[in-house]
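Asks: Dropping in entry32.txt, which is compact mmCIF, C-alpha atoms:
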```txt
# COMPACT_ATOMS: atom_id res chain seq x y z
CA MET A 1 16.89 -27.81 7.63
CA THR A 2 13.83 -26.17 9.21
CA TRP A 3 11.69 -23.48 7.53
CA ALA A 4 12.95 -20.94 10.09
CA GLN A 5 16.51 -21.67 8.96
CA VAL A 6 15.46 -21.26 5.32
CA GLY A 7 14.03 -17.87 6.32
CA TRP A 8 17.33 -16.91 7.96
CA VAL A 9 19.27 -17.91 4.85
CA ILE A 10 17.03 -15.77 2.62
CA ILE A 11 17.21 -12.75 4.95
CA ILE A 12 21.00 -12.93 5.40
CA LEU A 13 21.52 -13.50 1.68
CA ALA A 14 19.32 -10.48 0.89
CA ALA A 15 21.18 -8.29 3.41
CA VAL A 16 24.61 -9.35 2.07
CA LEU A 17 23.54 -8.82 -1.55
CA LEU A 18 22.14 -5.37 -0.73
CA VAL A 19 25.40 -4.28 0.89
CA VAL A 20 27.58 -5.80 -1.88
CA PHE A 21 25.55 -4.30 -4.73
CA ARG A 22 25.46 -0.93 -2.97
CA PHE A 23 29.27 -0.75 -3.02
CA ILE A 24 29.65 -2.20 -6.52
CA ILE A 25 27.12 0.07 -8.19
CA LYS A 26 28.40 3.42 -9.35
CA ASP A 27 26.29 6.55 -9.58
CA ARG A 28 25.53 6.30 -13.28
CA PHE A 29 24.74 2.60 -13.39
CA ASN A 30 21.25 1.83 -14.65
CA HIS A 31 19.60 -1.56 -14.16
CA ARG A 32 17.44 -1.90 -17.26
CA VAL A 33 15.89 -5.31 -16.77
CA ARG A 34 12.46 -3.76 -16.39
CA LYS A 35 10.54 -1.26 -18.44
CA LYS A 36 10.25 2.09 -16.71
CA GLY A 37 7.34 3.33 -18.81
CA THR A 38 4.78 3.24 -16.01
CA ALA A 39 6.99 5.17 -13.59
CA GLU A 40 7.96 7.66 -16.30
CA GLU A 41 4.29 8.22 -17.12
CA LEU A 42 3.59 8.84 -13.43
CA ASN A 43 6.28 11.52 -13.28
CA HIS A 44 5.16 13.04 -16.58
CA GLN A 45 1.54 13.29 -15.44
CA ARG A 46 2.55 14.83 -12.11
CA LEU A 47 4.60 17.47 -13.89
CA ARG A 48 1.70 18.13 -16.23
CA GLY A 49 -0.53 18.58 -13.16
CA ILE A 50 1.88 21.15 -11.71
CA GLU A 51 1.99 23.07 -15.01
CA ARG A 52 -1.79 23.19 -15.25
CA GLY A 53 -2.35 24.01 -11.59
CA LEU A 54 -4.20 20.76 -10.90
CA ALA A 55 -4.17 18.74 -7.70
CA ARG A 56 -1.78 15.78 -7.39
CA HIS A 57 -3.17 13.33 -4.91
CA VAL A 58 -1.01 10.62 -3.34
CA ILE A 59 -2.87 7.96 -1.36
CA LEU A 60 -0.91 6.04 1.27
CA GLY A 61 -3.58 3.41 1.88
CA ASP A 62 -6.30 3.09 4.46
CA ARG A 63 -4.26 1.22 7.10
CA PHE A 64 -0.68 1.22 8.27
CA TRP A 65 -0.26 -2.43 9.17
CA SER A 66 -1.97 -5.74 8.51
CA ARG A 67 -0.96 -9.30 9.26
CA VAL A 68 -1.23 -10.50 5.64
CA PHE A 69 0.56 -7.53 4.04
CA PRO A 70 2.82 -6.16 6.78
CA GLY A 71 5.24 -4.31 4.50
CA LEU A 72 2.79 -2.28 2.42
CA GLY A 73 2.23 0.63 4.82
CA LEU A 74 5.94 1.05 5.34
CA HIS A 75 6.53 0.81 1.60
CA ALA A 76 4.09 3.65 0.92
CA LEU A 77 6.12 5.83 3.29
CA THR A 78 9.43 4.88 1.66
CA VAL A 79 8.07 5.90 -1.76
CA LEU A 80 7.16 9.39 -0.53
CA PRO A 81 10.66 10.98 -0.61
CA SER A 82 11.20 10.01 -4.26
CA LEU A 83 7.69 11.04 -5.24
CA VAL A 84 7.08 14.29 -3.38
CA LYS A 85 9.90 16.77 -3.86
CA PRO A 86 10.08 19.99 -1.83
CA ASP A 87 9.06 22.21 -4.75
CA ASP A 88 5.90 20.10 -5.36
CA ARG A 89 4.34 21.89 -2.40
CA ALA A 90 4.87 25.35 -3.82
CA ASP A 91 1.48 25.71 -5.54
CA GLY A 92 -0.49 24.05 -2.76
CA GLY A 93 -1.75 21.37 -5.18
CA GLN A 94 0.08 18.45 -3.62
CA VAL A 95 -2.18 16.34 -1.39
CA ILE A 96 -1.06 13.27 0.53
CA SER A 97 -3.71 11.30 2.39
CA GLY A 98 -3.84 8.21 4.53
CA GLY A 99 -6.55 6.34 6.39
CA SER A 100 -4.77 5.85 9.69
CA GLY A 101 -3.42 8.35 12.19
CA ALA A 102 -0.03 6.65 12.32
CA LEU A 103 0.35 6.79 8.51
CA VAL A 104 -0.51 10.48 8.39
CA VAL A 105 1.78 11.43 11.27
CA PHE A 106 4.72 9.56 9.74
CA ALA A 107 3.97 11.05 6.31
CA GLN A 108 3.93 14.49 7.85
CA GLN A 109 7.35 13.83 9.40
CA ILE A 110 8.72 12.68 6.05
CA VAL A 111 7.37 15.65 4.11
CA GLN A 112 8.68 18.12 6.68
CA GLY A 113 12.01 16.28 6.95
CA GLY A 114 12.50 16.44 3.21
CA TYR A 115 11.51 20.03 3.32
CA GLN A 116 14.33 20.89 5.70
CA GLY A 117 16.80 19.77 3.02
CA GLY A 118 17.27 23.29 1.69
CA PHE A 119 14.13 24.97 0.43
CA SER A 120 12.58 28.23 1.54
CA GLU A 121 9.34 27.94 3.45
CA ALA A 122 8.35 31.32 2.05
CA LEU A 123 7.76 29.71 -1.35
CA THR A 124 4.90 27.54 -0.19
CA SER A 125 1.33 28.56 0.29
CA GLY A 126 1.54 27.49 3.92
CA ASP A 127 -1.05 24.74 3.40
CA ASN A 128 -0.33 21.38 4.91
CA PRO A 129 -0.31 18.75 2.14
CA VAL A 130 -1.06 15.77 4.40
CA ALA A 131 -4.72 14.93 5.00
CA LEU A 132 -6.61 12.34 7.05
CA PRO A 133 -10.07 12.06 5.48
CA GLY A 134 -11.19 9.22 7.78
CA VAL A 135 -9.85 6.68 10.24
CA THR A 136 -11.57 3.49 9.02
CA PRO A 137 -11.48 2.15 5.43
CA LEU A 138 -15.04 3.20 4.65
CA SER A 139 -14.92 6.59 6.41
CA TYR A 140 -11.66 7.18 4.56
CA LEU A 141 -13.47 6.40 1.30
CA ALA A 142 -16.26 8.86 2.10
CA GLY A 143 -13.83 11.59 3.13
CA LEU A 144 -11.58 11.02 0.15
CA LEU A 145 -14.40 11.40 -2.37
CA LEU A 146 -15.07 14.81 -0.81
CA GLU A 147 -11.36 15.71 -1.06
CA PHE A 148 -11.47 15.05 -4.82
CA ASN A 149 -14.07 17.79 -5.18
CA MET A 150 -11.97 20.39 -3.36
CA ARG A 151 -9.76 21.15 -6.36
CA PRO A 152 -9.60 19.88 -9.99
CA LEU A 153 -7.65 16.63 -9.93
CA GLY A 154 -4.67 16.13 -12.27
CA SER A 155 -3.23 12.86 -11.06
CA LEU A 156 -3.93 10.20 -8.49
CA ALA A 157 -1.27 7.80 -7.25
CA LEU A 158 -2.22 4.88 -4.99
CA PHE A 159 0.26 3.18 -2.68
CA GLY A 160 0.12 1.21 0.54
CA ASN A 161 -2.41 -1.13 2.01
CA TYR A 162 -6.03 -0.98 0.85
CA GLY A 163 -8.83 -3.22 -0.33
CA SER A 164 -11.21 -3.39 -3.26
CA THR A 165 -12.85 -0.08 -2.19
CA ALA A 166 -9.99 1.51 -4.14
CA VAL A 167 -12.12 0.98 -7.26
CA LEU A 168 -14.47 3.69 -5.99
CA TRP A 169 -11.55 6.11 -5.58
CA THR A 170 -10.30 5.41 -9.09
CA GLU A 171 -13.77 5.61 -10.63
CA ALA A 172 -14.28 9.02 -9.00
CA ALA A 173 -10.88 10.13 -10.32
CA HIS A 174 -11.72 8.81 -13.81
CA LEU A 175 -14.80 11.05 -13.86
CA THR A 176 -12.56 14.09 -13.36
CA GLY A 177 -10.27 12.99 -16.21
CA ALA A 178 -7.25 12.56 -13.92
CA HIS A 179 -4.34 10.25 -14.66
CA ILE A 180 -4.34 7.26 -12.31
CA PHE A 181 -1.38 5.21 -11.21
CA ALA A 182 -1.71 2.34 -8.75
CA GLY A 183 0.85 0.22 -6.99
CA ALA A 184 0.30 -2.15 -4.08
CA GLY A 185 -2.86 -2.83 -2.20
CA SER A 186 -4.11 -6.20 -1.13
CA LEU A 187 -4.66 -9.06 -3.58
CA THR A 188 -8.35 -8.15 -3.94
CA ALA A 189 -7.38 -4.54 -4.67
CA GLN A 190 -4.90 -5.66 -7.32
CA ALA A 191 -7.58 -7.74 -9.02
CA ALA A 192 -10.20 -4.99 -8.75
CA LEU A 193 -7.89 -2.22 -9.98
CA TYR A 194 -6.82 -4.31 -12.96
CA LEU A 195 -10.29 -3.59 -14.33
CA ASN A 196 -10.03 0.18 -14.56
CA VAL A 197 -6.44 1.33 -14.00
CA HIS A 198 -4.09 1.23 -16.95
CA ASP A 199 -0.86 2.11 -15.13
CA LEU A 200 -0.89 -0.60 -12.52
CA LEU A 201 1.90 -2.41 -10.70
CA ILE A 202 1.09 -5.79 -9.18
CA GLY A 203 2.94 -8.32 -7.05
CA GLU A 204 6.61 -7.67 -6.38
CA GLU A 205 6.68 -4.85 -8.99
CA ILE A 206 5.15 -2.63 -6.33
CA PHE A 207 8.31 -2.73 -4.27
CA LEU A 208 10.51 -1.86 -7.26
CA LEU A 209 8.90 1.54 -7.67
CA PRO A 210 11.43 3.70 -5.79
CA GLY A 211 14.17 2.25 -8.04
CA LEU A 212 12.12 3.01 -11.15
CA ILE A 213 11.35 6.60 -10.15
CA ASP A 214 14.73 7.57 -8.76
CA SER A 215 17.85 5.75 -9.99
CA THR A 216 20.07 6.29 -6.96
CA PRO A 217 22.73 3.61 -6.26
CA GLN A 218 20.75 2.56 -3.14
CA ASN A 219 17.57 2.05 -5.16
CA GLN A 220 19.45 0.24 -7.92
CA ALA A 221 21.02 -2.09 -5.35
CA GLY A 222 17.53 -2.89 -4.02
CA LEU A 223 16.25 -3.47 -7.54
CA ILE A 224 19.03 -5.92 -8.46
CA THR A 225 18.81 -7.76 -5.13
CA GLU A 226 15.07 -8.21 -5.53
CA ASP A 227 15.44 -9.43 -9.10
CA PHE A 228 18.26 -11.79 -8.09
CA LEU A 229 16.23 -13.29 -5.23
CA ARG A 230 13.11 -13.54 -7.37
CA VAL A 231 14.82 -15.42 -10.20
CA SER A 232 16.68 -17.67 -7.71
CA LEU A 233 13.42 -18.51 -5.97
CA ILE A 234 11.66 -19.30 -9.27
CA VAL A 235 14.51 -21.63 -10.28
CA PHE A 236 14.50 -23.22 -6.82
CA LEU A 237 10.71 -23.80 -6.90
CA VAL A 238 10.78 -25.28 -10.42
CA ILE A 239 13.64 -27.66 -9.51
CA ALA A 240 11.87 -28.66 -6.27
CA ALA A 241 8.63 -29.32 -8.17
CA ILE A 242 10.45 -31.49 -10.74
CA LEU A 243 12.22 -33.44 -7.99
CA LYS A 244 8.89 -33.93 -6.24
CA MET A 245 7.30 -35.18 -9.47
CA VAL A 246 10.05 -37.74 -10.10
CA GLY A 247 9.87 -38.89 -6.49
CA VAL A 248 13.26 -37.66 -5.22
CA LEU A 249 11.76 -35.30 -2.59
CA MET B 1 25.72 13.02 14.99
CA LYS B 2 22.14 14.30 15.42
CA LYS B 3 21.10 12.25 12.39
CA ILE B 4 23.22 9.18 13.08
CA ILE B 5 21.90 8.42 16.59
CA PRO B 6 18.21 7.96 15.55
CA ILE B 7 19.34 5.81 12.61
CA MET B 8 21.44 3.63 14.91
CA ILE B 9 18.64 3.28 17.47
CA GLY B 10 16.12 2.47 14.71
CA SER B 11 18.38 -0.07 13.02
CA ALA B 12 19.36 -1.75 16.30
CA THR B 13 15.70 -2.02 17.36
CA GLY B 14 14.68 -3.46 13.99
CA LEU B 15 17.52 -5.97 13.94
CA THR B 16 16.74 -7.04 17.53
CA ILE B 17 13.11 -7.71 16.61
CA LEU B 18 14.20 -9.59 13.49
CA THR B 19 16.61 -11.71 15.53
CA GLY B 20 13.95 -12.24 18.17
CA TYR B 21 11.67 -13.77 15.56
CA PHE B 22 14.14 -16.62 15.16
CA PHE B 23 15.31 -16.86 18.81
CA GLN B 24 11.95 -16.30 20.50
CA ALA B 25 12.77 -18.22 23.68
CA ARG B 26 15.95 -16.27 24.43
CA LEU B 27 14.81 -12.81 23.41
CA ALA B 28 11.17 -13.01 24.53
CA PRO B 29 11.42 -10.39 27.36
CA VAL B 30 13.25 -7.82 25.21
CA LEU B 31 10.98 -8.54 22.26
CA GLY B 32 7.83 -8.10 24.37
CA LEU B 33 9.08 -4.79 25.73
CA LEU B 34 10.04 -3.42 22.30
CA ILE B 35 6.77 -4.51 20.72
CA HIS B 36 4.78 -2.89 23.55
CA TRP B 37 6.74 0.34 23.09
CA GLY B 38 6.05 0.14 19.37
CA ILE B 39 2.32 -0.40 19.92
CA ALA B 40 2.23 2.52 22.37
CA LEU B 41 4.00 4.78 19.86
CA VAL B 42 1.71 3.77 16.99
CA GLY B 43 -1.30 4.27 19.29
CA LEU B 44 -0.05 7.73 20.18
CA ALA B 45 0.48 8.51 16.50
CA GLY B 46 -3.11 7.36 15.93
CA LEU B 47 -4.36 9.79 18.59
CA ILE B 48 -2.35 12.62 17.04
CA GLY B 49 -3.90 11.64 13.71
CA ILE B 50 -7.42 11.95 15.13
CA GLY B 51 -6.54 15.38 16.52
CA TYR B 52 -5.27 16.20 13.07
CA LEU B 53 -8.58 15.11 11.51
CA VAL B 54 -10.48 17.42 13.87
CA LYS B 55 -8.12 20.30 13.11
CA THR B 56 -8.51 19.83 9.34
CA HIS B 57 -12.30 19.99 9.57
CA LEU B 58 -12.22 22.98 11.93
CA THR B 59 -9.96 24.84 9.50
CA ARG B 60 -12.31 24.00 6.65
CA ILE B 61 -15.29 25.37 8.58
CA MET B 62 -13.49 28.54 9.69
CA ARG B 63 -12.29 29.28 6.14
CA LYS B 64 -15.77 28.47 4.77
CA GLN B 65 -14.24 26.19 2.18
CA LYS B 66 -16.17 24.01 -0.22
CA GLY B 67 -17.77 21.12 1.69
CA ALA B 68 -17.69 22.98 5.01
CA PHE B 69 -21.21 21.75 5.81
CA TYR B 70 -20.02 18.13 5.65
CA SER B 71 -17.21 19.04 8.03
CA VAL B 72 -19.81 20.35 10.50
CA VAL B 73 -21.69 17.03 10.24
CA VAL B 74 -18.45 15.06 10.75
CA LEU B 75 -17.41 17.10 13.77
CA VAL B 76 -20.83 17.01 15.46
CA ALA B 77 -21.11 13.24 14.94
CA PHE B 78 -17.52 12.71 16.08
CA LEU B 79 -17.83 14.82 19.22
CA PHE B 80 -21.18 13.28 20.15
CA THR B 81 -19.84 9.74 19.70
CA VAL B 82 -16.66 10.42 21.68
CA GLY B 83 -18.57 12.24 24.43
CA ALA B 84 -21.23 9.52 24.69
CA GLY B 85 -18.54 6.83 24.70
CA LEU B 86 -16.70 8.51 27.56
CA ILE B 87 -19.85 9.12 29.65
CA LEU B 88 -21.79 5.91 28.96
CA SER B 89 -18.87 3.47 28.38
CA MET B 90 -18.46 1.11 25.44
CA GLU B 91 -20.66 -1.63 26.94
CA ASN B 92 -23.72 0.63 27.30
CA ARG B 93 -26.65 -0.70 25.25
CA PHE B 94 -27.82 2.73 24.03
CA TYR B 95 -24.31 3.67 22.95
CA ARG B 96 -23.77 0.41 21.05
CA ASP B 97 -27.18 0.71 19.34
CA TRP B 98 -26.44 4.34 18.47
CA VAL B 99 -23.11 3.50 16.85
CA LEU B 100 -23.98 0.20 15.18
CA ASN B 101 -27.40 1.28 13.84
CA ILE B 102 -25.77 4.14 11.99
CA GLN B 103 -22.44 2.57 11.08
CA ILE B 104 -23.67 -0.76 9.70
CA PRO B 105 -26.33 0.61 7.27
CA VAL B 106 -23.93 3.30 6.03
CA GLU B 107 -21.13 0.81 5.46
CA THR B 108 -23.49 -1.68 3.84
CA SER B 109 -24.73 0.96 1.41
CA LEU B 110 -21.12 1.82 0.49
CA LEU B 111 -20.41 -1.87 -0.13
CA ALA B 112 -23.54 -2.08 -2.30
CA ILE B 113 -22.21 0.81 -4.39
CA LEU B 114 -18.88 -1.00 -4.59
CA ALA B 115 -20.57 -4.14 -5.94
CA VAL B 116 -22.35 -2.15 -8.65
CA VAL B 117 -19.17 -0.28 -9.62
CA LEU B 118 -17.15 -3.51 -9.75
CA LEU B 119 -19.74 -5.06 -12.05
CA SER B 120 -19.77 -2.03 -14.33
CA VAL B 121 -15.96 -1.74 -14.56
CA SER B 122 -15.62 -5.46 -15.26
CA LEU B 123 -17.89 -4.97 -18.27
CA TYR B 124 -15.53 -2.25 -19.55
CA VAL B 125 -12.24 -4.08 -18.92
CA ILE B 126 -11.59 -4.63 -22.62
CA ARG B 127 -12.07 -0.91 -23.25
CA THR B 128 -9.48 -0.10 -20.57
CA ARG B 129 -6.94 -2.79 -21.41
CA GLY B 130 -7.73 -3.75 -24.99
CA TRP B 131 -7.78 -7.31 -26.36
CA THR B 132 -4.60 -8.48 -24.68
CA PRO B 133 -3.91 -12.07 -23.51
CA MET B 134 -3.94 -10.77 -19.91
CA SER B 135 -7.32 -9.04 -20.16
CA VAL B 136 -8.95 -11.96 -21.99
CA GLY B 137 -7.39 -14.41 -19.51
CA PHE B 138 -8.63 -12.27 -16.62
CA LEU B 139 -12.20 -12.23 -17.92
CA VAL B 140 -12.24 -15.94 -18.79
CA SER B 141 -10.83 -16.96 -15.40
CA ALA B 142 -13.31 -14.70 -13.59
CA LEU B 143 -16.16 -16.27 -15.55
CA ILE B 144 -14.93 -19.82 -14.86
CA SER B 145 -14.56 -19.04 -11.14
CA LEU B 146 -18.10 -17.69 -11.03
CA ILE B 147 -19.46 -20.81 -12.75
CA PHE B 148 -17.55 -23.14 -10.42
CA ASN B 149 -18.72 -21.23 -7.37
CA LEU B 150 -22.32 -22.00 -8.36
CA ARG B 151 -21.45 -25.67 -7.59
CA TYR B 152 -23.65 -26.99 -10.39
CA LEU B 153 -20.81 -28.98 -11.93
CA GLN B 154 -20.63 -32.41 -10.35
CA THR B 155 -18.20 -35.22 -11.23
CA GLN B 156 -17.89 -38.89 -10.40
CA PRO B 157 -15.61 -39.59 -7.42
CA ASP B 158 -12.07 -40.71 -8.38
CA SER B 159 -12.62 -39.88 -12.04
CA ILE B 160 -10.45 -37.85 -14.43
CA GLY B 161 -13.17 -35.20 -14.43
CA GLU B 162 -12.83 -34.77 -10.67
CA GLU B 163 -9.05 -34.46 -10.99
CA ALA B 164 -9.45 -31.88 -13.76
CA LEU B 165 -11.99 -29.92 -11.70
CA HIS B 166 -9.68 -29.89 -8.67
CA PHE B 167 -6.79 -28.80 -10.86
CA ILE B 168 -8.75 -25.84 -12.24
CA GLN B 169 -10.02 -24.91 -8.78
CA ARG B 170 -6.44 -24.91 -7.45
CA LEU B 171 -5.18 -22.50 -10.11
CA PRO B 172 -6.31 -19.27 -8.36
CA LEU B 173 -4.63 -20.48 -5.16
CA VAL B 174 -1.40 -21.15 -7.05
CA GLY B 175 -1.48 -17.70 -8.65
CA MET B 176 -2.24 -16.08 -5.30
CA ARG B 177 0.71 -17.83 -3.66
CA GLY B 178 2.97 -16.71 -6.50
CA ILE B 179 1.97 -13.08 -6.03
CA LEU B 180 2.28 -13.36 -2.24
CA ILE B 181 5.80 -14.84 -2.48
CA GLY B 182 6.82 -11.95 -4.74
CA MET B 183 5.28 -9.42 -2.35
CA ALA B 184 7.00 -11.08 0.62
CA LEU B 185 10.36 -10.76 -1.13
CA GLY B 186 9.64 -7.13 -1.94
CA GLY B 187 8.60 -6.46 1.66
CA LEU B 188 11.79 -8.09 2.89
CA ILE B 189 13.94 -5.85 0.69
CA VAL B 190 12.04 -2.72 1.79
CA GLY B 191 12.50 -3.66 5.45
CA LEU B 192 16.20 -4.41 5.01
CA ARG B 193 16.79 -1.18 3.13
CA VAL B 194 15.29 0.81 5.99
CA LEU B 195 17.14 -1.26 8.62
CA LEU B 196 20.45 -0.86 6.82
CA ALA B 197 19.72 2.88 6.41
CA PHE B 198 19.79 2.70 2.60
CA ASP B 199 16.33 4.27 2.67
CA ARG B 200 15.80 7.07 5.15
CA PRO B 201 12.23 8.19 4.68
CA TYR B 202 12.39 9.80 8.15
CA GLY B 203 14.85 12.38 6.78
CA GLY B 204 18.52 12.88 6.02
CA ASP B 205 20.48 12.02 2.87
```
Now that the file is in, can you turn its structure into C-alpha cells?

Replies:
Amino acid sequence: MTWAQVGWVIIILAAVLLVVFRFIIKDRFNHRVRKKGTAEELNHQRLRGIERGLARHVILGDRFWSRVFPGLGLHALTVLPSLVKPDDRADGGQVISGGSGALVVFAQQIVQGGYQGGFSEALTSGDNPVALPGVTPLSYLAGLLLEFNMRPLGSLALFGNYGSTAVLWTEAAHLTGAHIFAGAGSLTAQAALYLNVHDLLIGEEIFLLPGLIDSTPQNQAGLITEDFLRVSLIVFLVIAAILKMVGVL
Amino acid sequence: MKKIIPIMIGSATGLTILTGYFFQARLAPVLGLLIHWGIALVGLAGLIGIGYLVKTHLTRIMRKQKGAFYSVVVLVAFLFTVGAGLILSMENRFYRDWVLNIQIPVETSLLAILAVVLLSVSLYVIRTRGWTPMSVGFLVSALISLIFNLRYLQTQPDSIGEEALHFIQRLPLVGMRGILIGMALGGLIVGLRVLLAFDRPYGGD
C-alpha cells in the first residue's frame, strides 16, 4: 500500500464518518469528551464587552494560505459565523481584521451573508466591522496596534494563520486589560502565545472550536469524527512503533 | 435554488481538486485550469482588499478620527510606492533602493521589539500559567534547547552519551510532528465539512 492510498483511506473514512454521524446525531446530543471552559469563557467575555460598550476584536490571521498550514485561513473563516452573530454589530464595537485582501473580502462576504438572515440593517451603526490594517505580516502588526487604540478593547480573539509576531498583538491587548483568546497560528505562534495567553488552543484543538462554541449537529459530527480519527491514529502509531521495535515491520 | 447552485459548484470544484491530487496524470489539464482560476480569483480578492485598505484610511482622514495623521502617512507612502513602481518598473535601481532601504530597517526594528517582548514574557510565564507541569516542562525544555544550541556539549562517537544527546535533540521534532499530524487531521475535517456543505460560511443555513 502506498502513502497516497493511505491518504485516500483516511479522507474517505473521514467523509463517511462525517455523513454517518451527521444523520445519527440528534439536535440535543452533546459530545462531552472535551472541556468547553475555554470556549465558554470566550463567549462570556464577548458578552461582557457588549454590555460595557467595549470593542471585540477578532483577528483572522495575517495570511490566507501557506504551504505548511493550508487549512488555517479557511478555518478562521469557518469560525466567523458561530462567533459573530448579526446583533454583535449593533453597537459598532465588533471589529474583524485580517492581513490579506482575500481574507478580508471573504470575511466581508460572510458577515454580510449572515446579516441577510433576518436582521434589520437600521439597527446597526452603519460601520463596516471588517478591517485590513496591512497587507504583509509586519505592516498588519503596525496597523493593528493602531486599531487597538481606536476604541477601548474588551476582548481579542485570534484565529487563522500567523507567526510569533502575535505576541506583540497580545501584549498590546494585555496592556488595555482585554480578555485574550487564541486558537491556531503556526507552531512558532503556538509556542510564543503559550507564554502570555491563558485561554489558548493548540494543535488539533483549534479545529474543534466551532463545535465547542455552537453545538449544532453538524459541528458535533465534526467533533466526533475528529476525535475518532485522532484516537485511531494514536493507536495505529503506537502499534506500528511497537511492531517496528520488535522487528516485525 | 439560488443557494444550492453555488454550493454544488463549490463542492464539485473542491472534490475535483481533491481527486486530482491522487490522479494527477489523468486530471492534470482540469486541475491546472481550476487552480489558475482559483489563483486569479484570490488575486482579484487581494486587489479588492487593497482598495478596501485605501478606502478605510480615506474614511478615517475625512472623519478626522483618532490616528488620522498616520492614515495620511500610510496613503502618501502607498500612493508614492505604487506610482513609482508603475512608472519606473520593479527592476529599477532607485525604486528597489527606495523600497528596501525603508522596508528592511522598519521590519528589522519590529523584529527586535519582538525579541525583547518574547524574552520578557518568557520570564513571566509562571505568573501567567502558574506552577503547572506544562509550564515547568515548557521552561525546562526551552532552557535545554538553548543550552544544546550553544553546541558546547560534546560526546564520544558511538557512546551512550551520544545516543542520549541525539534522543533529547529529537524530542522537539517528535512533538512538532505530533502537533502537525493533529492539525492536518483538523484541517482535513474542516475542508470536508465545507466540501460536504456541513459548514456554509459563505451564507445560507

Asks: Name the closest residue to chain B among the candidates A:Phe207, A:Trp65, A:Tyr162, A:Phe236; distances are taken between atoms, counting only C-alpha atoms.

Replies: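 Of all the options, A:Phe207 lies closest to chain B.
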
Asks: So that I can see what lies close to range 130-137 of chain B, please list as a ChimeraX atom specification the residues with an atom at most 12 Å from it, counting only C-alpha atoms and leaving out residues fewer than 6 positions away in the same chain.

Replies: /A:191,194-196,198 /B:122-124,143-145

Asks: Considering only C-alpha atoms, tabulate each residue of range 16-77 of chain B that lies at most 8 Å from range 133-155 of chain A along with its nearest interatomic pair and the corresponding distance in Å to one decimal; arrange the rows by chain and ascending residue number and present them as a tab-separated table.

Replies:
```
residue	atom	partner	partner_atom	distance
B:Ile50	CA	A:Val135	CA	7.6
B:Leu53	CA	A:Pro133	CA	6.9
B:Lys66	CA	A:Met150	CA	6.4
B:Gly67	CA	A:Leu146	CA	7.3
```

Asks: For range 216-231 of chain A, find every residue with an atom within 6 Å (counting only C-alpha atoms), except residues of its own chain fewer than 6 positions away, and show them as an mmCIF file with C-alpha atoms, keeping the file's coordinate frame.

Replies:
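Saved the output as around.cif:
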```
data_model
loop_
_atom_site.group_PDB
_atom_site.id
_atom_site.type_symbol
_atom_site.label_atom_id
_atom_site.label_comp_id
_atom_site.auth_asym_id
_atom_site.auth_seq_id
_atom_site.Cartn_x
_atom_site.Cartn_y
_atom_site.Cartn_z
ATOM 1 C CA LEU A 18 22.140 -5.370 -0.730
ATOM 2 C CA PHE A 21 25.550 -4.300 -4.730
ATOM 3 C CA ARG A 22 25.460 -0.930 -2.970
ATOM 4 C CA ILE A 25 27.120 0.070 -8.190
ATOM 5 C CA ASP A 27 26.290 6.550 -9.580
ATOM 6 C CA LEU A 208 10.510 -1.860 -7.260
ATOM 7 C CA PHE B 198 19.790 2.700 2.600
#
```

Asks: Based on all atoms listed in the file, which of the residues in chain A come within 6 Å of chain B? I want them as a list in words.

Replies: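 The complete set of qualifying residues is Gly71, Thr78, Gly101, Ala102, Ile110, Gly113, Gly114, Leu132, Leu195, Gly203, Glu204, Phe207 and Gln218 of chain A.
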
Asks: Draw an axis-aligned box tight on the listed atoms of range 71-75 of chain A, then pad every side by 3 Å and write out centre and edge lengths in Å to one decimal as AutoDock Vina command-line options.

Replies:
```
--center_x 4.4 --center_y -1.6 --center_z 3.5 --size_x 10.3 --size_y 11.4 --size_z 9.7
```

Asks: Kindly give the distance, in Å, that separates CA of Ile39 in chain B and CA of Asp62 in chain A, rounded to a single decimal.

Replies: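 Between CA of Ile39 in chain B and CA of Asp62 in chain A the gap works out to 18.0 Å.
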
Asks: Could you tell me how far CA of Ala241 in chain A sits from CA of Gln169 in chain B, in Å to one decimal place?

Replies: 19.2 Å

Asks: Considering only C-alpha atoms, state which residue in the set A:Asn43, A:Asn161, A:Asn128, A:Ser232 is at the smallest distance from Leu83 in chain A.

Replies: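 Once distances to Leu83 in chain A are computed over only C-alpha atoms, the minimum belongs to A:Asn43.
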
Asks: Record the distance separating CA of His44 in chain A and CA of Asp88 in chain A, expressed in Å with one decimal.

Replies: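 Straight-line distance from CA of His44 in chain A to CA of Asp88 in chain A works out to 13.3 Å.
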
Asks: Give me the residues near Asp199 in chain A as JSON, numbers by chain, where near means some atom within 7 Å (using all atoms listed in the file) and where sequence neighbours in that chain fewer than 3 positions away do not count.

Replies: {"A": [38, 180, 181, 182]}

Asks: Using all atoms listed in the file for the distances, tell me which of A:Leu237, A:Ala131, A:Ile202, A:Ala184 is nearest to Arg60 in chain B.

Replies: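 Nearest candidate to Arg60 in chain B out of A:Leu237, A:Ala131, A:Ile202, A:Ala184: A:Ala131.
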
Asks: Tell me, as a list of chain:residue names, which residues lie within 7 Å of Gly93 in chain A, counting all atoms listed in the file; anything in the same chain fewer than 3 positions away does not count.

Replies: A:Gly53, A:Leu54, A:Ala55, A:Arg56, A:Arg89
